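Data from input_2.pdb: PDB, C-alpha atoms
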```pdb
ATOM      1  CA  MET A   1     -96.660-105.936  98.530  1.00  0.00           C
ATOM      2  CA  GLY A   2     -97.363-102.391  99.586  1.00  0.00           C
ATOM      3  CA  CYS A   3     -94.192-100.449  98.909  1.00  0.00           C
ATOM      4  CA  SER A   4     -92.829 -98.026  96.382  1.00  0.00           C
ATOM      5  CA  GLU A   5     -91.692 -99.633  93.168  1.00  0.00           C
ATOM      6  CA  TRP A   6     -88.107 -98.438  93.754  1.00  0.00           C
ATOM      7  CA  GLY A   7     -88.094 -99.830  97.276  1.00  0.00           C
ATOM      8  CA  CYS A   8     -89.417-103.151  96.054  1.00  0.00           C
ATOM      9  CA  LEU A   9     -86.852-103.359  93.273  1.00  0.00           C
ATOM     10  CA  PHE A  10     -84.050-102.655  95.721  1.00  0.00           C
ATOM     11  CA  THR A  11     -85.340-105.193  98.238  1.00  0.00           C
ATOM     12  CA  PHE A  12     -86.061-107.963  95.786  1.00  0.00           C
ATOM     13  CA  ARG A  13     -82.801-107.545  93.953  1.00  0.00           C
ATOM     14  CA  ALA A  14     -81.345-108.655  97.315  1.00  0.00           C
ATOM     15  CA  VAL A  15     -83.572-111.770  97.249  1.00  0.00           C
ATOM     16  CA  VAL A  16     -81.914-112.836  93.998  1.00  0.00           C
ATOM     17  CA  GLU A  17     -78.442-111.828  95.205  1.00  0.00           C
ATOM     18  CA  LYS A  18     -78.958-113.952  98.349  1.00  0.00           C
ATOM     19  CA  ARG A  19     -80.074-116.821  96.063  1.00  0.00           C
ATOM     20  CA  LEU A  20     -83.394-117.119  97.890  1.00  0.00           C
ATOM     21  CA  ALA A  21     -84.997-116.870  94.447  1.00  0.00           C
ATOM     22  CA  ALA A  22     -83.961-117.360  90.851  1.00  0.00           C
ATOM     23  CA  CYS A  23     -86.198-114.592  89.533  1.00  0.00           C
ATOM     24  CA  VAL A  24     -88.549-111.879  90.774  1.00  0.00           C
ATOM     25  CA  ASN A  25     -91.197-110.384  88.497  1.00  0.00           C
ATOM     26  CA  VAL A  26     -92.409-106.937  89.563  1.00  0.00           C
ATOM     27  CA  ILE A  27     -95.896-105.971  88.421  1.00  0.00           C
ATOM     28  CA  PRO A  28     -96.570-102.308  89.226  1.00  0.00           C
ATOM     29  CA  GLN A  29     -99.814-100.442  89.858  1.00  0.00           C
ATOM     30  CA  ILE A  30    -101.997-103.127  91.395  1.00  0.00           C
ATOM     31  CA  THR A  31    -104.998-101.811  93.321  1.00  0.00           C
ATOM     32  CA  SER A  32    -105.760-103.822  96.438  1.00  0.00           C
ATOM     33  CA  ILE A  33    -109.031-103.483  98.348  1.00  0.00           C
ATOM     34  CA  TYR A  34    -109.116-105.252 101.693  1.00  0.00           C
ATOM     35  CA  GLU A  35    -110.360-105.045 105.258  1.00  0.00           C
ATOM     36  CA  TRP A  36    -107.795-104.096 107.875  1.00  0.00           C
ATOM     37  CA  LYS A  37    -108.625-103.482 111.525  1.00  0.00           C
ATOM     38  CA  GLY A  38    -112.340-103.082 110.819  1.00  0.00           C
ATOM     39  CA  LYS A  39    -111.935-100.617 107.955  1.00  0.00           C
ATOM     40  CA  ILE A  40    -112.051-101.096 104.186  1.00  0.00           C
ATOM     41  CA  GLU A  41    -108.714 -99.999 102.723  1.00  0.00           C
ATOM     42  CA  GLU A  42    -107.671 -99.304  99.136  1.00  0.00           C
ATOM     43  CA  ASP A  43    -103.988 -99.107  98.251  1.00  0.00           C
ATOM     44  CA  SER A  44    -101.828 -99.000  95.167  1.00  0.00           C
ATOM     45  CA  GLU A  45     -99.334-101.816  95.498  1.00  0.00           C
ATOM     46  CA  VAL A  46     -96.652-103.690  93.605  1.00  0.00           C
ATOM     47  CA  LEU A  47     -97.218-107.413  93.010  1.00  0.00           C
ATOM     48  CA  MET A  48     -94.218-109.737  93.073  1.00  0.00           C
ATOM     49  CA  MET A  49     -93.989-113.200  91.591  1.00  0.00           C
ATOM     50  CA  ILE A  50     -90.939-114.857  93.107  1.00  0.00           C
ATOM     51  CA  LYS A  51     -89.587-118.069  91.621  1.00  0.00           C
ATOM     52  CA  THR A  52     -87.901-120.308  94.180  1.00  0.00           C
ATOM     53  CA  GLN A  53     -87.884-123.800  95.642  1.00  0.00           C
ATOM     54  CA  SER A  54     -90.455-124.911  98.203  1.00  0.00           C
ATOM     55  CA  SER A  55     -87.682-125.552 100.698  1.00  0.00           C
ATOM     56  CA  LEU A  56     -86.693-121.853 100.586  1.00  0.00           C
ATOM     57  CA  VAL A  57     -90.157-120.440 101.307  1.00  0.00           C
ATOM     58  CA  PRO A  58     -89.575-120.187 105.093  1.00  0.00           C
ATOM     59  CA  ALA A  59     -86.291-118.269 104.649  1.00  0.00           C
ATOM     60  CA  LEU A  60     -87.826-116.103 101.936  1.00  0.00           C
ATOM     61  CA  THR A  61     -90.812-115.374 104.172  1.00  0.00           C
ATOM     62  CA  ASP A  62     -88.529-114.382 107.035  1.00  0.00           C
ATOM     63  CA  PHE A  63     -86.624-112.029 104.755  1.00  0.00           C
ATOM     64  CA  VAL A  64     -89.799-110.423 103.378  1.00  0.00           C
ATOM     65  CA  ARG A  65     -91.194-109.936 106.881  1.00  0.00           C
ATOM     66  CA  SER A  66     -87.957-108.282 107.984  1.00  0.00           C
ATOM     67  CA  VAL A  67     -88.041-105.642 105.220  1.00  0.00           C
ATOM     68  CA  HIS A  68     -91.761-105.246 104.468  1.00  0.00           C
ATOM     69  CA  PRO A  69     -93.470-102.006 105.538  1.00  0.00           C
ATOM     70  CA  TYR A  70     -96.798-103.699 106.376  1.00  0.00           C
ATOM     71  CA  GLU A  71     -97.555-105.145 109.799  1.00  0.00           C
ATOM     72  CA  VAL A  72     -98.667-108.350 108.039  1.00  0.00           C
ATOM     73  CA  ALA A  73     -96.772-109.079 104.836  1.00  0.00           C
ATOM     74  CA  GLU A  74     -98.471-111.136 102.157  1.00  0.00           C
ATOM     75  CA  VAL A  75     -96.385-114.164 101.288  1.00  0.00           C
ATOM     76  CA  ILE A  76     -98.149-117.128  99.732  1.00  0.00           C
ATOM     77  CA  ALA A  77     -96.708-120.175  97.989  1.00  0.00           C
ATOM     78  CA  LEU A  78     -98.424-121.869  95.093  1.00  0.00           C
ATOM     79  CA  PRO A  79     -97.383-125.311  93.881  1.00  0.00           C
ATOM     80  CA  VAL A  80     -95.953-125.704  90.396  1.00  0.00           C
ATOM     81  CA  GLU A  81     -97.540-128.827  88.990  1.00  0.00           C
ATOM     82  CA  GLN A  82     -95.964-128.657  85.547  1.00  0.00           C
ATOM     83  CA  GLY A  83     -93.661-126.437  83.590  1.00  0.00           C
ATOM     84  CA  ASN A  84     -90.835-126.154  81.111  1.00  0.00           C
ATOM     85  CA  PHE A  85     -88.259-128.555  82.526  1.00  0.00           C
ATOM     86  CA  PRO A  86     -85.197-126.490  81.504  1.00  0.00           C
ATOM     87  CA  TYR A  87     -86.686-123.453  83.295  1.00  0.00           C
ATOM     88  CA  LEU A  88     -87.551-125.410  86.435  1.00  0.00           C
ATOM     89  CA  HIS A  89     -84.070-126.926  86.405  1.00  0.00           C
ATOM     90  CA  TRP A  90     -82.565-123.430  86.135  1.00  0.00           C
ATOM     91  CA  VAL A  91     -84.581-122.245  89.172  1.00  0.00           C
ATOM     92  CA  HIS A  92     -83.312-125.255  91.114  1.00  0.00           C
ATOM     93  CA  GLN A  93     -79.694-124.716  90.038  1.00  0.00           C
ATOM     94  CA  VAL A  94     -79.678-120.982  90.835  1.00  0.00           C
ATOM     95  CA  THR A  95     -81.085-121.527  94.328  1.00  0.00           C
ATOM     96  CA  LYS A  96     -79.357-124.849  95.019  1.00  0.00           C
ATOM     97  CA  SER A  97     -76.513-123.584  97.186  1.00  0.00           C
ATOM     98  CA  VAL A  98     -78.938-122.048  99.676  1.00  0.00           C
ATOM     99  CA  SER A  99     -81.228-125.066  99.917  1.00  0.00           C
ATOM    100  CA  ASP A 100     -78.417-127.613 100.359  1.00  0.00           C
TER     101      ASP A 100
END
```
Can you dump the structure from the file as structure tokens?
Amino acid sequence: MGCSEWGCLFTFRAVVEKRLAACVNVIPQITSIYEWKGKIEEDSEVLMMIKTQSSLVPALTDFVRSVHPYEVAEVIALPVEQGNFPYLHWVHQVTKSVSD
């Protein structure tokens, strides 16, 4: 996500407050190299790992798109095939009221 670390922290604190996610990990100082509109770009970005339920991805995506500074925000969902059951249960419980 291409935004200042402070801006990202402020925005993604709201994701947790809105219960769209149980947890957001912020990984600063990622260098992204990509093609955009026919030109190779290089930006310093902040990577987010957002823990939520699959059913909340559309709402989370809408929120990210509404606050993201890029024309095309990167939001991808990866399936969790296995994990620590108490942790996965916690993610479900924290986000349950939104997904119900």
Translate the PyMOL selection byres ((chain A and resi 16-31) around 9) into a concrete residue list for this structure, as a PyMOL selection string. chain A and resi 5+8-9+12-15+32-33+42-53+56-57+59-60+90-99
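Here the PyMOL selection byres ((chain A and resi 74) around 10) captures the residues Met1, Gly2, Leu47, Thr61, Val64, Arg65, His68, Tyr70, Glu71, Val72, Ala73, Val75 and Ile76 of chain A.
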Please dump the current selection as a PDB file, keeping the file's coordinate frame; keep C-alpha atoms.
```pdb
ATOM      1  CA  MET A   1     -96.660-105.936  98.530  1.00  0.00           C
ATOM      2  CA  GLY A   2     -97.363-102.391  99.586  1.00  0.00           C
ATOM      3  CA  LEU A  47     -97.218-107.413  93.010  1.00  0.00           C
ATOM      4  CA  THR A  61     -90.812-115.374 104.172  1.00  0.00           C
ATOM      5  CA  VAL A  64     -89.799-110.423 103.378  1.00  0.00           C
ATOM      6  CA  ARG A  65     -91.194-109.936 106.881  1.00  0.00           C
ATOM      7  CA  HIS A  68     -91.761-105.246 104.468  1.00  0.00           C
ATOM      8  CA  TYR A  70     -96.798-103.699 106.376  1.00  0.00           C
ATOM      9  CA  GLU A  71     -97.555-105.145 109.799  1.00  0.00           C
ATOM     10  CA  VAL A  72     -98.667-108.350 108.039  1.00  0.00           C
ATOM     11  CA  ALA A  73     -96.772-109.079 104.836  1.00  0.00           C
ATOM     12  CA  VAL A  75     -96.385-114.164 101.288  1.00  0.00           C
ATOM     13  CA  ILE A  76     -98.149-117.128  99.732  1.00  0.00           C
TER      14      ILE A  76
END
```
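You will find CA of Ser66 (chain A) at 20.3 Å from CA of Trp36 (chain A).
In this model, the gap between CA of Pro58 (chain A) and CA of Glu41 (chain A) comes to 27.9 Å.
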CA of Gly38 (chain A) to CA of Phe63 (chain A): how many Å, to one decimal? 27.9 Å
Please put the answer as AutoDock Vina command-line options: centre and edge lengths, in Å with one decimal, of a box along x, y and z that encloses all listed atoms of region 31-46 of chain A plus 6 Å on each side.
```
--center_x -104.5 --center_y -102.1 --center_z 102.4 --size_x 27.7 --size_y 18.3 --size_z 30.2
```
